[in-house]
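This report refers to the structure that appears directly beneath it.
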Amino acid sequence: MDLSYIINELGEDREHYFNAVAPPIMQTSNFRVRKVDELKKLFENEYGGYLYSRGRNPTADILRKKMAALDQAEDCLVFNSGIAAIYAGVLANIKGGDHIISVDKPYSWVQKIFDQLLPRFGVETTYIDGTRMENFEQVRRPNTRFIYLESPNSWTYALQDMEAVAGFAKKHGIITLMDNTYSTPLYQLPVPLGIDLCMQTATKYIGGHSDTLGGILTGSKAMMKKIFDSEYMAVGSGIQPFNAWLLIRGLRTLESRISRITESTWKLLAWLKKDPAVERLLFPLDVDFPQYELAKKQMKNACGLISFYVKAGSRGQIVKCCENLKHIMMAVSWGGHESLILPRCASLEDRQFDPDNADHRLLRLYIGLENPDYLIQDLDQAFRSSF
Ligand SMILES: *Cc1c(COP(=O)(O)O)cnc(C)c1O
């Protein structure tokens, strides 16, 4: 399906709303029915129609159709945050006594689910270095039911070979979930490679304006119905109509934002590589990246986030650099219009800083929609005044 068609037309039914170009926000909690038998049908299968907005809502449905098509998946559910989508995807596919394999250092709140929430129900998680296929085989147990993937990781860009992991999982009846937030469906498609569940945080690139949260989960129709009938309805973590509308609006410009950010990323990458304050950088499609070949094989392109190790002897120098930036803001999240910086050493005390530990000298830059030269100038003045 053509990307332009998906973004501008798919799922929209303009004749039903006065030919308005922008869809209405169906800000309603419930839907009336005229026949008792209609009500009966909806009670039996709420997934099949409109009854109550904790279930289906027409504005959210427009987004669901577009996101399913973008991911080349059969169906989609949209949640009120990325973590809600992950939680539902995991919970729907495990039970007490099961075992999960997760890649090292997934998104921080995912670790909270695995380390604190699920152990209360007798579910154990083993973390592995997902860059090596044999690690999956080594830790698999007879009760392994779920594999959690994030490729690339949003700090180190560590990758997993999606096709290989999906093949391994299918052989052993294990469900796989991929956090695809870094790439978006424009640059990577997990579902056609055999991954069961594809998740992305719509808070990042889909929204694109740092003004709403949302989470996307795509997969087979049967899997989406199963999640809708259990976790989606029972936890009540579905997207609100207004937020769904903001995400549809964000989607309209996804392709042009991603292409602008990609162009700027390559410019910033070239500049950072030559700057004397930078020891080394991490970016999945940089020729020096350890998994460059795999990145080239399974990703169409990469953009937005670059991590780099600065030549700092103290935490104070990194603090100074981040605080001296005039335009690039210090903030969590990413995927919006604004460029951002995050220092890994933020959670350390000054005295804990060890310059021999490269991780302490790691910074992550998100490149937004500003003019790349404007960003380079800002980094240049901050680097020169700090290192
Ligand atoms: C932000 C983020 C999440 C969580 O998304 P929320 O919308 O904040 O819940 C999950 N994974 C990655 C990689 C993220 O960057």
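FYI, nothing fancy with the structure tokens labels: chains A, B, ... in order, residues from 1 per chain, ligands from 1 as they appear.
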
Practice item. Could you give me, as number ranges by chain, each residue of segment 320-375 of chain A that DSSP assigns to strand (DSSP E or B) when run on this structure's backbone? Key: A: 329-330, 340-343, 362-366

Produce a file of the selected residues containing C-alpha atoms, as a PDB file, in the first residue's frame.
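That gives us selection.pdb:
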```
ATOM      1  CA  MET A 329      17.324  21.370  25.557  1.00  0.00           C
ATOM      2  CA  MET A 330      18.071  18.862  28.266  1.00  0.00           C
ATOM      3  CA  LEU A 340      17.572  17.288  23.036  1.00  0.00           C
ATOM      4  CA  ILE A 341      20.591  16.168  25.010  1.00  0.00           C
ATOM      5  CA  LEU A 342      20.817  13.606  27.814  1.00  0.00           C
ATOM      6  CA  PRO A 343      23.999  12.842  29.782  1.00  0.00           C
ATOM      7  CA  LEU A 362      28.202   8.921  27.266  1.00  0.00           C
ATOM      8  CA  LEU A 363      25.773  11.551  25.990  1.00  0.00           C
ATOM      9  CA  ARG A 364      22.742  11.070  23.788  1.00  0.00           C
ATOM     10  CA  LEU A 365      21.728  13.657  21.249  1.00  0.00           C
ATOM     11  CA  TYR A 366      18.318  13.753  19.610  1.00  0.00           C
TER      12      TYR A 366
END
```

Check your understanding: Which neighbours of Leu70 of chain A fall inside 8 Å, counting only C-alpha atoms, when residues of the same chain fewer than 4 positions from it are skipped, and could you give them as a ChimeraX atom specification?
Key -> /A:3,6,66,185-186

What would the file look like if the residues just selected were written as a PDB file, in the first residue's frame with N, CA and C atoms?
```
ATOM      1  N   LEU A   3       2.479   4.668   0.827  1.00  0.00           N
ATOM      2  CA  LEU A   3       2.612   5.416   2.081  1.00  0.00           C
ATOM      3  C   LEU A   3       1.731   6.679   2.077  1.00  0.00           C
ATOM      4  N   ILE A   6      -1.831   5.689   2.756  1.00  0.00           N
ATOM      5  CA  ILE A   6      -2.065   5.318   4.161  1.00  0.00           C
ATOM      6  C   ILE A   6      -2.194   6.585   5.010  1.00  0.00           C
ATOM      7  N   LYS A  66      -4.464   2.960   9.996  1.00  0.00           N
ATOM      8  CA  LYS A  66      -3.232   3.509   9.400  1.00  0.00           C
ATOM      9  C   LYS A  66      -1.995   2.813   9.966  1.00  0.00           C
ATOM     10  N   PRO A 185       7.894   2.460  11.387  1.00  0.00           N
ATOM     11  CA  PRO A 185       7.705   1.558  10.235  1.00  0.00           C
ATOM     12  C   PRO A 185       8.364   2.081   8.956  1.00  0.00           C
ATOM     13  N   LEU A 186       8.761   3.342   8.933  1.00  0.00           N
ATOM     14  CA  LEU A 186       9.391   3.835   7.713  1.00  0.00           C
ATOM     15  C   LEU A 186      10.768   3.211   7.510  1.00  0.00           C
TER      16      LEU A 186
END
```

Point to revise | Given 6 Å and only C-alpha atoms and all ligand atoms, residues near ligand 1 as an MDAnalysis selection string | key: chainID A and resid 81:83 107 154 181 201 203 213:215 333

Point to revise | Who sits within 9 Å of segment 131-145 of chain A, only C-alpha atoms, same chain under 4 positions skipped, as a ChimeraX atom specification | key: /A:93-95,97-101,103,126-127,158-161,164-165,168-169,172-176,291

Could you turn the residues from that selection into a file that holds C-alpha atoms, as a compact mmCIF listing (two decimals), in the first residue's frame?
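Output saved as out.txt:
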```txt
# COMPACT_ATOMS: atom_id res chain seq x y z
CA ASN A 93 0.86 -13.82 26.58
CA ILE A 94 2.20 -15.10 29.89
CA LYS A 95 0.90 -16.79 33.03
CA GLY A 97 5.35 -19.85 36.25
CA ASP A 98 6.37 -18.75 32.75
CA HIS A 99 9.82 -17.54 31.76
CA ILE A 100 10.69 -14.49 29.67
CA ILE A 101 13.87 -13.75 27.74
CA VAL A 103 17.41 -8.17 25.72
CA THR A 126 16.48 -13.58 32.01
CA TYR A 127 18.34 -10.70 30.37
CA ALA A 158 22.42 -2.83 20.04
CA LEU A 159 20.54 -4.87 17.44
CA GLN A 160 18.96 -8.29 17.25
CA ASP A 161 18.71 -10.30 14.06
CA ALA A 164 16.75 -15.34 13.21
CA VAL A 165 15.07 -14.62 16.56
CA PHE A 168 13.94 -19.58 16.79
CA ALA A 169 10.86 -18.41 18.71
CA HIS A 172 9.69 -23.30 20.30
CA GLY A 173 6.20 -21.75 20.46
CA ILE A 174 7.46 -18.49 21.98
CA ILE A 175 5.77 -15.12 21.37
CA THR A 176 8.04 -12.24 20.33
CA GLN A 291 26.65 -4.36 13.95
```

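DSSP, applied to the backbone of this structure, assigns alpha helix (DSSP H) to the following residues of segment 103-175 of chain A: Ser108, Trp109, Val110, Gln111, Lys112, Met133, Glu134, Asn135, Phe136, Glu137, Gln138, Val139, Met162, Glu163, Ala164, Val165, Ala166, Gly167, Phe168, Ala169, Lys170 and Lys171 of chain A.
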
Practice item. Do a neighbour search on His327 of chain A at 10 Å with only C-alpha atoms, toss out local chain neighbours closer than 3 positions, and write the hits as JSON, numbers by chain. Key: {"A": [324, 330, 338, 339, 340, 370, 374, 375, 377, 378, 379]}

For those residues, write N, CA, C and O atoms to a file as a short mmCIF file (atom, residue, chain, number, x, y, z; two decimals), in the first residue's frame.
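Output (out-v9.cif):
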```
data_model
loop_
_atom_site.label_atom_id
_atom_site.label_comp_id
_atom_site.auth_asym_id
_atom_site.auth_seq_id
_atom_site.Cartn_x
_atom_site.Cartn_y
_atom_site.Cartn_z
N ASN A 324 25.54 24.56 29.27
CA ASN A 324 25.93 25.68 28.41
C ASN A 324 25.23 25.69 27.06
O ASN A 324 25.36 26.66 26.31
N MET A 330 17.81 20.09 27.52
CA MET A 330 18.07 18.86 28.27
C MET A 330 16.71 18.30 28.69
O MET A 330 15.98 18.96 29.44
N GLU A 338 11.99 19.34 18.65
CA GLU A 338 13.09 20.01 19.32
C GLU A 338 14.25 19.08 19.61
O GLU A 338 14.06 17.95 20.03
N SER A 339 15.45 19.58 19.40
CA SER A 339 16.63 18.76 19.68
C SER A 339 16.89 18.70 21.17
O SER A 339 16.63 19.66 21.89
N LEU A 340 17.43 17.54 21.61
CA LEU A 340 17.57 17.29 23.04
C LEU A 340 18.92 16.62 23.34
O LEU A 340 19.46 15.90 22.51
N GLU A 370 15.26 21.53 13.72
CA GLU A 370 15.97 22.79 13.53
C GLU A 370 16.96 22.67 12.37
O GLU A 370 17.32 21.57 11.94
N TYR A 374 22.54 25.33 12.88
CA TYR A 374 22.18 25.97 14.15
C TYR A 374 22.52 25.05 15.32
O TYR A 374 23.05 25.49 16.35
N LEU A 375 22.28 23.74 15.14
CA LEU A 375 22.59 22.76 16.18
C LEU A 375 24.10 22.58 16.32
O LEU A 375 24.63 22.48 17.44
N GLN A 377 26.44 24.75 15.65
CA GLN A 377 26.98 25.94 16.33
C GLN A 377 26.79 25.85 17.84
O GLN A 377 27.68 26.20 18.62
N ASP A 378 25.61 25.38 18.23
CA ASP A 378 25.31 25.28 19.66
C ASP A 378 26.22 24.25 20.33
O ASP A 378 26.79 24.50 21.39
N LEU A 379 26.36 23.09 19.70
CA LEU A 379 27.24 22.06 20.26
C LEU A 379 28.68 22.56 20.30
O LEU A 379 29.40 22.35 21.29
#
```

Point to revise | Selected residue, from A:Asn8, A:Val287, A:Lys171, A:Ala346, that lies nearest to Lys320 of chain A when counting only C-alpha atoms | key: A:Ala346

Point to revise | Ile86 of chain A environment, 12 Å, only C-alpha atoms, sequence neighbours closer than 6 positions dropped, as a PyMOL selection string | key: chain A and resi 77-80+92-93+106-107+109-114+148-150+176-181+197-201+214-218+227+231-232+237

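Shortest separation to Leu189 of chain A among A:Gly207, A:Ser102, A:Asp275, A:Ala73 occurs at residue A:Ala73, atoms counted being only C-alpha atoms.
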
Point to revise | Distance query segment 257-260 of chain A at most 10 Å, only C-alpha atoms, self and fewer than 3 positions along chain excluded, as a list in words | key: Ser183, Thr184, Leu186, Tyr187, Tyr205, Ile206, Gly208, Gly250, Leu251, Arg252, Thr253, Leu254, Glu263, Ser264, Thr265, Asn301, Ala302, Cys303, Gly304, Gly335, Gly336, His337, Ile367, Gly368, Leu369, Glu370, Asn371 and Pro372 of chain A

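For the choices A:Ala295, A:Ile376, A:Val36, A:Asp196, the atom-to-atom distance to Ile328 of chain A is smallest for A:Ile376 when using only C-alpha atoms.
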
Practice item. Report the distance between atom CA of Glu15 of chain A and atom CA of Asp61 of chain A in Å, rounded to one decimal place. Key: 16.3 Å
